[in-house]
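To start, the structure under review is shown below, and the notes come after it.
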2 protein chains.
Amino acid sequence: MSEHLKLNNQLCFRIYKLNKSVTKLYVPLLKKLSLTYPQYLVMLALWEVNQPVSIKKLCIQLELDTGTLSPLLKRMEALAFIKRVRSTKDERLVLIELTAKGKHLKKEAELIPAQLFCSTGLTKEELVMLQQSLDSLLNNVKLHS
Amino acid sequence: MSEHLKLNNQLCFRIYKLNKSVTKLYVPLLKKLSLTYPQYLVMLALWEVNQPVSIKKLCIQLELDTGTLSPLLKRMEALAFIKRVRSTKDERLVLIELTAKGKHLKKEAELIPAQLFCSTGLTKEELVMLQQSLDSLLNNVKLHS
DNA sequence: TAAAATTATATTGCGCACAATGTAAATTAA
DNA sequence: TTAATTTACATTGTGCGCAATATAATTTTA
């Protein structure tokens with residue numbers, strides 16, 4: 001059998017497994033915050049901008065489409081982490097803003113990145129280099145899609 | 001705002017985006033074979049062993065659980081790529097085997113890896129090094145989970 | 001300004017992905 | 001050998017992730 005189709009030679013399979021494994025590291029930590037992993041990504045985006053953002057902008061930043069984010073944000077609103085407010089300037093826009101509860105959650109989340117970094121077993125230099133490799137690969141992949 | 005919680009500093013977010021982007025490269029290629037991406041992984045596993053395999057072994061190799069694989073394999077059987085056969089030696093086991101249609105599909109799939117490699121923009125040496133980096137990271141992550 | 005095109009969001013449908021639960025067969029222990 | 005445990009698989013329920021479609025608001029064009 002040629003090497004090309006062997007499962008363990010596929011870069012995609014490594015990335016696929018790595019993504020699942022890394023996500024699983026987050027689950028027990030995020031459970032304490034009552035967040036799922038994609039919801040955590042939304043919270044990171046919101047904490048960072050610190051002002052209302054349209055769903056459209058979140059879609060772009062998170063590289064998710066409205067079919068994913070729209071129901072996800074509804075669940076997050078039901079959990080009272082965010083509010084969904086129709087923009088008055090442009091009635092097409094729904095602006096997402098943090099509630100007080102959502103803002104307070106940031107304190108607890110600040111413990112997470114260090115724990116994750118530890119689990120990678122990487123040095124800071126190795127982490128930076130890997131980030132660059134992945135960025136470069138991501139750019140190439142997007143060029144071809 | 002501290003750097004630690006910024007979305008674009010998260011290794012996990014890069015891996016998350018990369019996984020989605022790489023998967024999307026496969027979709028148009030796999031559509032010609034009437035396969036989804038996880039179904040393609042199953043086919044890779046089956047082509048490689050070239051004999052009936054239990055669902056349990058597929059679960060281990062693909063790092064998926066029965067809740068994912070069981071319905072996925074049913075869909076693949078409905079597409080006539082595989083057959084599900086109850087083992088006579090151990091009646092708990094369901095063995096998955098390729099149909100003639102499933103075996104023939106390998107020919108068409110052999111064109112895929114080279115196309116994907118091209119889309120990565122990597123040299124063979126870079127690919128090997130990245131695979132090693134990801135394997136190492138995956139091992140570390142698994143140690144901590 | 002009225003019609004056409006675009007934009008932002010929501011919804012539907014399908015396929016993962018996984019935790020939790022159920023069940024039948026096989027193994028182990030008593 | 002019967003009872004308890006383990007193993008393999010299936011099912012249920014929930015949450016993504018995305019293609020396809022629908023709708024209302026805005027912008028562009030004629």
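Residues are referred to by chain and number: the chain letter is A, B, ... according to the order shown in the structure tokens, the number counts from 1 in that chain, and ligands are numbered separately from 1 in the order shown.
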List every residue of stretch 16-135 of chain B that DSSP, applied to the backbone of this structure, assigns to strand (DSSP E or B), and report them as a ChimeraX atom specification.
/B:53-54,82-86,94-98
May I have the residues within 12 Å of A:Lys89 as number ranges by chain, using only C-alpha atoms (C1' of nucleotides) and disregarding those fewer than 5 positions away in the same chain?
A: 94-95; D: 25-26
Print the selection's residues with C-alpha atoms (C1' of nucleotides) to a file, as a JSON list (two decimals), in the first residue's frame.
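Output (again-v8.json):
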```json
[["chain", "number", "residue", "atom", "x", "y", "z"],
["A", 94, "VAL", "CA", -28.20, 43.02, 16.13],
["A", 95, "LEU", "CA", -25.60, 44.23, 18.60],
["D", 25, "DA", "C1'", -33.78, 46.78, 6.22],
["D", 26, "DT", "C1'", -30.58, 49.42, 3.58]]
```
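Residues in contact with A:Pro71 at up to 9 Å, not including ones fewer than 5 positions away on its chain and judged by only C-alpha atoms (C1' of nucleotides), are Thr66 and Met76 of chain A; DA10 of chain C.
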Store the residues picked out above in a file with all heavy atoms, as a tab-separated table (two decimals), in the first residue's frame.
```
chain	number	residue	atom	x	y	z
A	66	THR	N	-23.67	32.76	10.29
A	66	THR	CA	-24.83	33.12	11.10
A	66	THR	C	-25.63	31.89	11.54
A	66	THR	O	-26.24	31.89	12.61
A	66	THR	CB	-25.72	34.10	10.31
A	66	THR	OG1	-26.99	34.15	10.93
A	66	THR	CG2	-25.92	33.62	8.88
A	76	MET	N	-26.48	31.90	24.76
A	76	MET	CA	-25.68	32.73	25.68
A	76	MET	C	-26.52	33.83	26.32
A	76	MET	O	-26.26	34.24	27.45
A	76	MET	CB	-24.48	33.33	24.95
A	76	MET	CG	-23.45	32.29	24.57
A	76	MET	SD	-22.03	32.98	23.72
A	76	MET	CE	-21.21	33.82	25.07
C	10	DA	P	-30.46	37.12	14.69
C	10	DA	OP1	-31.17	37.58	15.88
C	10	DA	OP2	-29.19	36.39	14.80
C	10	DA	O5'	-31.46	36.25	13.81
C	10	DA	C5'	-32.73	36.78	13.44
C	10	DA	C4'	-33.56	35.70	12.76
C	10	DA	O4'	-33.02	35.43	11.45
C	10	DA	C3'	-33.58	34.36	13.50
C	10	DA	O3'	-34.93	33.93	13.57
C	10	DA	C2'	-32.72	33.44	12.64
C	10	DA	C1'	-32.87	34.04	11.26
C	10	DA	N9	-31.72	33.86	10.37
C	10	DA	C8	-30.44	34.25	10.59
C	10	DA	N7	-29.61	33.97	9.59
C	10	DA	C5	-30.43	33.35	8.66
C	10	DA	C6	-30.18	32.81	7.39
C	10	DA	N6	-28.96	32.81	6.81
C	10	DA	N1	-31.21	32.26	6.72
C	10	DA	C2	-32.42	32.26	7.30
C	10	DA	N3	-32.78	32.74	8.49
C	10	DA	C4	-31.73	33.27	9.12
```
Please run DSSP on the backbone and report, as a PyMOL selection string, all residues within chain B that come out as helix (DSSP H, G or I).
chain B and resi 7-9+11-31+37-49+55-62+66-78+100-109+112-120+124-143
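The gap separating atom CA of B:Leu93 from atom CA of B:Lys56 is 7.9 Å, in Å to one decimal.
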Which chain D residues are at most 10 Å from chain B (counting only C-alpha atoms (C1' of nucleotides)), as JSON, numbers by chain?
{"D": [7, 8, 9, 10, 11, 12, 17]}
Now that the selection is made, can you save its residues with C-alpha atoms (C1' of nucleotides) as a compact mmCIF listing (two decimals), in the first residue's frame?
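Wrote result08.txt, looks like this:
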```txt
# COMPACT_ATOMS: atom_id res chain seq x y z
C1' DT D 7 -17.16 -5.20 27.00
C1' DA D 8 -19.17 -3.76 22.50
C1' DC D 9 -22.53 -1.45 20.44
C1' DA D 10 -26.81 1.41 20.00
C1' DT D 11 -29.67 5.29 21.30
C1' DT D 12 -30.95 9.84 23.13
C1' DG D 17 -20.82 23.94 11.91
```
Selection near A:Thr68, 9 Å with only C-alpha atoms (C1' of nucleotides), sequence-local residues under 5 positions removed, as a PyMOL selection string
(chain A and resi 59+73) or (chain D and resi 16-18)
Could those residues be written to a file, using N, CA and C atoms (P, O5', C5', C4', C3', O3' and C1' of nucleotides), as a CSV table (one decimal), in the first residue's frame?
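Saved file part.csv follows:
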```
chain,number,residue,atom,x,y,z
A,59,CYS,N,-19.1,37.1,13.4
A,59,CYS,CA,-19.0,36.1,12.4
A,59,CYS,C,-17.7,36.1,11.7
A,73,LEU,N,-25.7,32.4,20.2
A,73,LEU,CA,-25.8,33.7,20.9
A,73,LEU,C,-27.2,33.7,21.7
D,16,DC,P,-22.7,25.7,21.4
D,16,DC,O5',-23.1,25.6,19.9
D,16,DC,C5',-22.1,25.9,18.9
D,16,DC,C4',-21.2,24.8,18.6
D,16,DC,C3',-20.5,24.9,17.3
D,16,DC,O3',-19.2,24.3,17.4
D,16,DC,C1',-21.9,23.0,17.2
D,17,DG,P,-18.1,24.9,16.4
D,17,DG,O5',-18.6,24.7,14.9
D,17,DG,C5',-18.1,23.7,14.1
D,17,DG,C4',-18.7,23.7,12.8
D,17,DG,C3',-18.7,25.1,12.0
D,17,DG,O3',-18.0,24.9,10.9
D,17,DG,C1',-20.8,23.9,11.9
D,18,DC,P,-17.8,26.1,9.8
D,18,DC,O5',-19.0,25.8,8.7
D,18,DC,C5',-18.9,24.5,8.0
D,18,DC,C4',-20.2,24.4,7.2
D,18,DC,C3',-20.6,25.6,6.4
D,18,DC,O3',-20.9,25.2,5.1
D,18,DC,C1',-22.4,24.9,7.6
```
Select all residues from chain C having any atom no more than 10 Å from an atom of chain B (counting only C-alpha atoms (C1' of nucleotides), ignoring ligands), output as a short mmCIF file (atom, residue, chain, number, x, y, z; two decimals) with all heavy atoms, in the first residue's frame.
```cif
data_model
loop_
_atom_site.label_atom_id
_atom_site.label_comp_id
_atom_site.auth_asym_id
_atom_site.auth_seq_id
_atom_site.Cartn_x
_atom_site.Cartn_y
_atom_site.Cartn_z
P DG C 15 -27.22 13.43 6.58
OP1 DG C 15 -27.05 12.70 5.31
OP2 DG C 15 -28.11 12.90 7.63
"O5'" DG C 15 -25.77 13.64 7.21
"C5'" DG C 15 -24.85 14.54 6.62
"C4'" DG C 15 -23.77 14.89 7.61
"O4'" DG C 15 -24.26 15.89 8.52
"C3'" DG C 15 -23.31 13.71 8.47
"O3'" DG C 15 -21.91 13.74 8.57
"C2'" DG C 15 -23.99 13.99 9.82
"C1'" DG C 15 -23.96 15.50 9.84
N9 DG C 15 -24.94 16.12 10.74
C8 DG C 15 -26.25 15.77 10.91
N7 DG C 15 -26.86 16.51 11.80
C5 DG C 15 -25.89 17.39 12.24
C6 DG C 15 -25.95 18.44 13.20
O6 DG C 15 -26.92 18.79 13.88
N1 DG C 15 -24.74 19.09 13.33
C2 DG C 15 -23.60 18.78 12.63
N2 DG C 15 -22.51 19.51 12.89
N3 DG C 15 -23.52 17.81 11.73
C4 DG C 15 -24.70 17.16 11.59
P DC C 16 -21.10 12.45 9.01
OP1 DC C 16 -19.70 12.68 8.69
OP2 DC C 16 -21.80 11.29 8.46
"O5'" DC C 16 -21.30 12.40 10.59
"C5'" DC C 16 -20.21 12.44 11.45
"C4'" DC C 16 -19.70 13.85 11.65
"O4'" DC C 16 -20.82 14.75 11.85
"C3'" DC C 16 -18.83 13.97 12.88
"O3'" DC C 16 -17.85 14.97 12.66
"C2'" DC C 16 -19.82 14.39 13.96
"C1'" DC C 16 -20.78 15.28 13.16
N1 DC C 16 -22.15 15.31 13.72
C2 DC C 16 -22.48 16.29 14.66
O2 DC C 16 -21.61 17.08 15.05
N3 DC C 16 -23.73 16.33 15.16
C4 DC C 16 -24.65 15.46 14.72
N4 DC C 16 -25.90 15.55 15.22
C5 DC C 16 -24.34 14.45 13.76
C6 DC C 16 -23.08 14.41 13.29
P DA C 17 -16.50 14.81 13.54
OP1 DA C 17 -15.65 15.97 13.23
OP2 DA C 17 -16.01 13.44 13.30
"O5'" DA C 17 -16.95 14.87 15.08
"C5'" DA C 17 -16.68 16.04 15.83
"C4'" DA C 17 -17.16 15.87 17.24
"O4'" DA C 17 -18.59 15.82 17.28
"C3'" DA C 17 -16.68 14.60 17.98
"O3'" DA C 17 -15.91 15.03 19.07
"C2'" DA C 17 -17.97 13.88 18.39
"C1'" DA C 17 -18.99 15.01 18.35
N9 DA C 17 -20.37 14.63 18.06
C8 DA C 17 -20.80 13.76 17.09
N7 DA C 17 -22.11 13.65 17.03
C5 DA C 17 -22.57 14.48 18.03
C6 DA C 17 -23.86 14.80 18.48
N6 DA C 17 -24.97 14.28 17.96
N1 DA C 17 -23.96 15.68 19.49
C2 DA C 17 -22.85 16.21 20.02
N3 DA C 17 -21.58 15.98 19.68
C4 DA C 17 -21.51 15.10 18.66
P DC C 18 -15.27 14.01 20.10
OP1 DC C 18 -14.07 14.67 20.64
OP2 DC C 18 -15.18 12.68 19.48
"O5'" DC C 18 -16.35 13.94 21.26
"C5'" DC C 18 -16.68 15.13 21.96
"C4'" DC C 18 -17.83 14.84 22.90
"O4'" DC C 18 -19.04 14.64 22.14
"C3'" DC C 18 -17.66 13.57 23.75
"O3'" DC C 18 -18.01 13.86 25.08
"C2'" DC C 18 -18.64 12.59 23.14
"C1'" DC C 18 -19.75 13.57 22.74
N1 DC C 18 -20.73 13.02 21.78
C2 DC C 18 -22.08 13.35 21.96
O2 DC C 18 -22.40 14.10 22.89
N3 DC C 18 -23.01 12.84 21.13
C4 DC C 18 -22.63 12.03 20.13
N4 DC C 18 -23.58 11.56 19.33
C5 DC C 18 -21.25 11.70 19.92
C6 DC C 18 -20.35 12.21 20.77
P DA C 19 -17.23 13.17 26.28
OP1 DA C 19 -16.05 13.99 26.58
OP2 DA C 19 -17.08 11.73 25.98
"O5'" DA C 19 -18.27 13.32 27.48
"C5'" DA C 19 -18.95 14.57 27.66
"C4'" DA C 19 -20.35 14.31 28.17
"O4'" DA C 19 -21.21 13.91 27.08
"C3'" DA C 19 -20.43 13.21 29.22
"O3'" DA C 19 -21.30 13.64 30.28
"C2'" DA C 19 -21.03 12.02 28.46
"C1'" DA C 19 -21.89 12.71 27.41
N9 DA C 19 -22.05 11.95 26.18
C8 DA C 19 -21.06 11.40 25.41
N7 DA C 19 -21.51 10.77 24.34
C5 DA C 19 -22.89 10.93 24.41
C6 DA C 19 -23.94 10.50 23.57
N6 DA C 19 -23.74 9.80 22.45
N1 DA C 19 -25.19 10.84 23.93
C2 DA C 19 -25.37 11.54 25.05
N3 DA C 19 -24.47 12.01 25.91
C4 DA C 19 -23.23 11.66 25.52
P DA C 24 -31.66 -6.82 25.66
OP1 DA C 24 -32.97 -6.80 24.96
OP2 DA C 24 -31.59 -7.11 27.10
"O5'" DA C 24 -30.72 -7.84 24.89
"C5'" DA C 24 -30.15 -7.45 23.65
"C4'" DA C 24 -28.72 -7.95 23.58
"O4'" DA C 24 -27.88 -7.12 24.41
"C3'" DA C 24 -28.55 -9.39 24.10
"O3'" DA C 24 -27.80 -10.11 23.15
"C2'" DA C 24 -27.78 -9.21 25.42
"C1'" DA C 24 -26.99 -7.95 25.14
N9 DA C 24 -26.57 -7.21 26.32
C8 DA C 24 -27.31 -6.85 27.41
N7 DA C 24 -26.64 -6.18 28.32
C5 DA C 24 -25.37 -6.08 27.79
C6 DA C 24 -24.18 -5.49 28.27
N6 DA C 24 -24.10 -4.85 29.43
N1 DA C 24 -23.08 -5.57 27.48
C2 DA C 24 -23.18 -6.21 26.30
N3 DA C 24 -24.23 -6.81 25.76
C4 DA C 24 -25.30 -6.71 26.56
P DA C 25 -27.60 -11.69 23.29
OP1 DA C 25 -28.09 -12.29 22.03
OP2 DA C 25 -28.13 -12.13 24.60
"O5'" DA C 25 -26.01 -11.84 23.34
"C5'" DA C 25 -25.22 -11.21 22.35
"C4'" DA C 25 -23.80 -11.17 22.82
"O4'" DA C 25 -23.71 -10.28 23.96
"C3'" DA C 25 -23.24 -12.52 23.27
"O3'" DA C 25 -21.99 -12.72 22.64
"C2'" DA C 25 -23.12 -12.39 24.79
"C1'" DA C 25 -22.94 -10.88 24.98
N9 DA C 25 -23.43 -10.34 26.24
C8 DA C 25 -24.69 -10.44 26.76
N7 DA C 25 -24.84 -9.83 27.92
C5 DA C 25 -23.59 -9.30 28.17
C6 DA C 25 -23.08 -8.54 29.25
N6 DA C 25 -23.81 -8.17 30.30
N1 DA C 25 -21.78 -8.17 29.20
C2 DA C 25 -21.05 -8.54 28.14
N3 DA C 25 -21.41 -9.25 27.07
C4 DA C 25 -22.70 -9.60 27.16
P DA C 26 -21.19 -14.09 22.80
OP1 DA C 26 -20.50 -14.32 21.51
OP2 DA C 26 -22.10 -15.10 23.37
"O5'" DA C 26 -20.09 -13.72 23.89
"C5'" DA C 26 -19.18 -12.66 23.61
"C4'" DA C 26 -18.36 -12.36 24.83
"O4'" DA C 26 -19.22 -11.84 25.87
"C3'" DA C 26 -17.63 -13.56 25.44
"O3'" DA C 26 -16.26 -13.23 25.51
"C2'" DA C 26 -18.27 -13.76 26.81
"C1'" DA C 26 -18.78 -12.35 27.11
N9 DA C 26 -19.95 -12.28 27.98
C8 DA C 26 -21.18 -12.85 27.79
N7 DA C 26 -22.05 -12.58 28.73
C5 DA C 26 -21.34 -11.78 29.61
C6 DA C 26 -21.69 -11.15 30.82
N6 DA C 26 -22.90 -11.26 31.38
N1 DA C 26 -20.74 -10.42 31.44
C2 DA C 26 -19.52 -10.32 30.88
N3 DA C 26 -19.08 -10.85 29.74
C4 DA C 26 -20.04 -11.58 29.16
#
```
I'd like a table as CSV: residues in chain B with an atom no more than 9 Å from chain A, each row giving the shortest atom pair and its distance in Å to one decimal, only C-alpha atoms counted, sorted by chain and rising residue number.
```
residue,atom,partner,partner_atom,distance
B:Met1,CA,A:Glu48,CA,7.2
B:His4,CA,A:Pro113,CA,6.2
B:Leu5,CA,A:Leu44,CA,6.3
B:Lys6,CA,A:Glu48,CA,6.3
B:Leu7,CA,A:Leu44,CA,5.7
B:Asn9,CA,A:Gln131,CA,8.6
B:Gln10,CA,A:Pro113,CA,7.9
B:Leu11,CA,A:Gln131,CA,6.5
B:Cys12,CA,A:Val22,CA,6.6
B:Phe13,CA,A:Leu41,CA,7.8
B:Arg14,CA,A:Leu134,CA,6.8
B:Ile15,CA,A:Asn19,CA,5.8
B:Tyr16,CA,A:Asn19,CA,5.9
B:Lys17,CA,A:Glu63,CA,7.4
B:Leu18,CA,A:Leu138,CA,5.6
B:Asn19,CA,A:Ile15,CA,5.8
B:Lys20,CA,A:Tyr16,CA,8.8
B:Ser21,CA,A:Val141,CA,6.7
B:Val22,CA,A:Cys12,CA,6.6
B:Thr23,CA,A:Cys12,CA,7.4
B:Lys24,CA,A:Ser145,CA,7.4
B:Leu25,CA,A:Ser145,CA,5.9
B:Leu41,CA,A:Leu7,CA,7.0
B:Val42,CA,A:Leu7,CA,9.0
B:Leu44,CA,A:Leu7,CA,5.7
B:Ala45,CA,A:Leu7,CA,6.1
B:Trp47,CA,A:Leu5,CA,8.3
B:Glu48,CA,A:Lys6,CA,6.3
B:Leu62,CA,A:Lys17,CA,8.3
B:Glu63,CA,A:Lys17,CA,7.4
B:Lys106,CA,A:Leu5,CA,8.8
B:Ala109,CA,A:Leu5,CA,8.0
B:Glu110,CA,A:Leu5,CA,6.7
B:Ile112,CA,A:Leu5,CA,8.6
B:Pro113,CA,A:His4,CA,6.2
B:Ala114,CA,A:His4,CA,8.0
B:Leu116,CA,A:Val141,CA,8.9
B:Phe117,CA,A:Leu11,CA,8.8
B:Cys118,CA,A:His144,CA,8.7
B:Ser119,CA,A:His144,CA,5.5
B:Thr120,CA,A:Val141,CA,5.4
B:Gly121,CA,A:Asn140,CA,5.8
B:Leu122,CA,A:Leu137,CA,7.7
B:Leu127,CA,A:Leu11,CA,8.0
B:Leu130,CA,A:Ser133,CA,7.8
B:Gln131,CA,A:Leu11,CA,6.5
B:Ser133,CA,A:Leu130,CA,7.8
B:Leu134,CA,A:Arg14,CA,6.8
B:Asp135,CA,A:Arg14,CA,7.1
B:Ser136,CA,A:Gly121,CA,8.9
B:Leu137,CA,A:Thr120,CA,6.0
B:Leu138,CA,A:Leu18,CA,5.6
B:Asn139,CA,A:Thr120,CA,8.8
B:Asn140,CA,A:Thr120,CA,5.7
B:Val141,CA,A:Thr120,CA,5.5
B:Lys142,CA,A:Ser21,CA,6.8
B:Leu143,CA,A:Ser119,CA,7.9
B:His144,CA,A:Ser119,CA,5.6
B:Ser145,CA,A:Leu25,CA,5.9
```
Need to verify the contact set: stretch 100-102 of chain A, 7 Å, only C-alpha atoms (C1' of nucleotides), exclusion of same-chain residues closer than 2 positions in sequence. Can you return it as a VMD selection string?
chain A and resid 80 to 82 98 104 to 105
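Taking atom CA of A:Lys83 and atom CA of A:Pro52 as endpoints, the distance between them is 9.2 Å.
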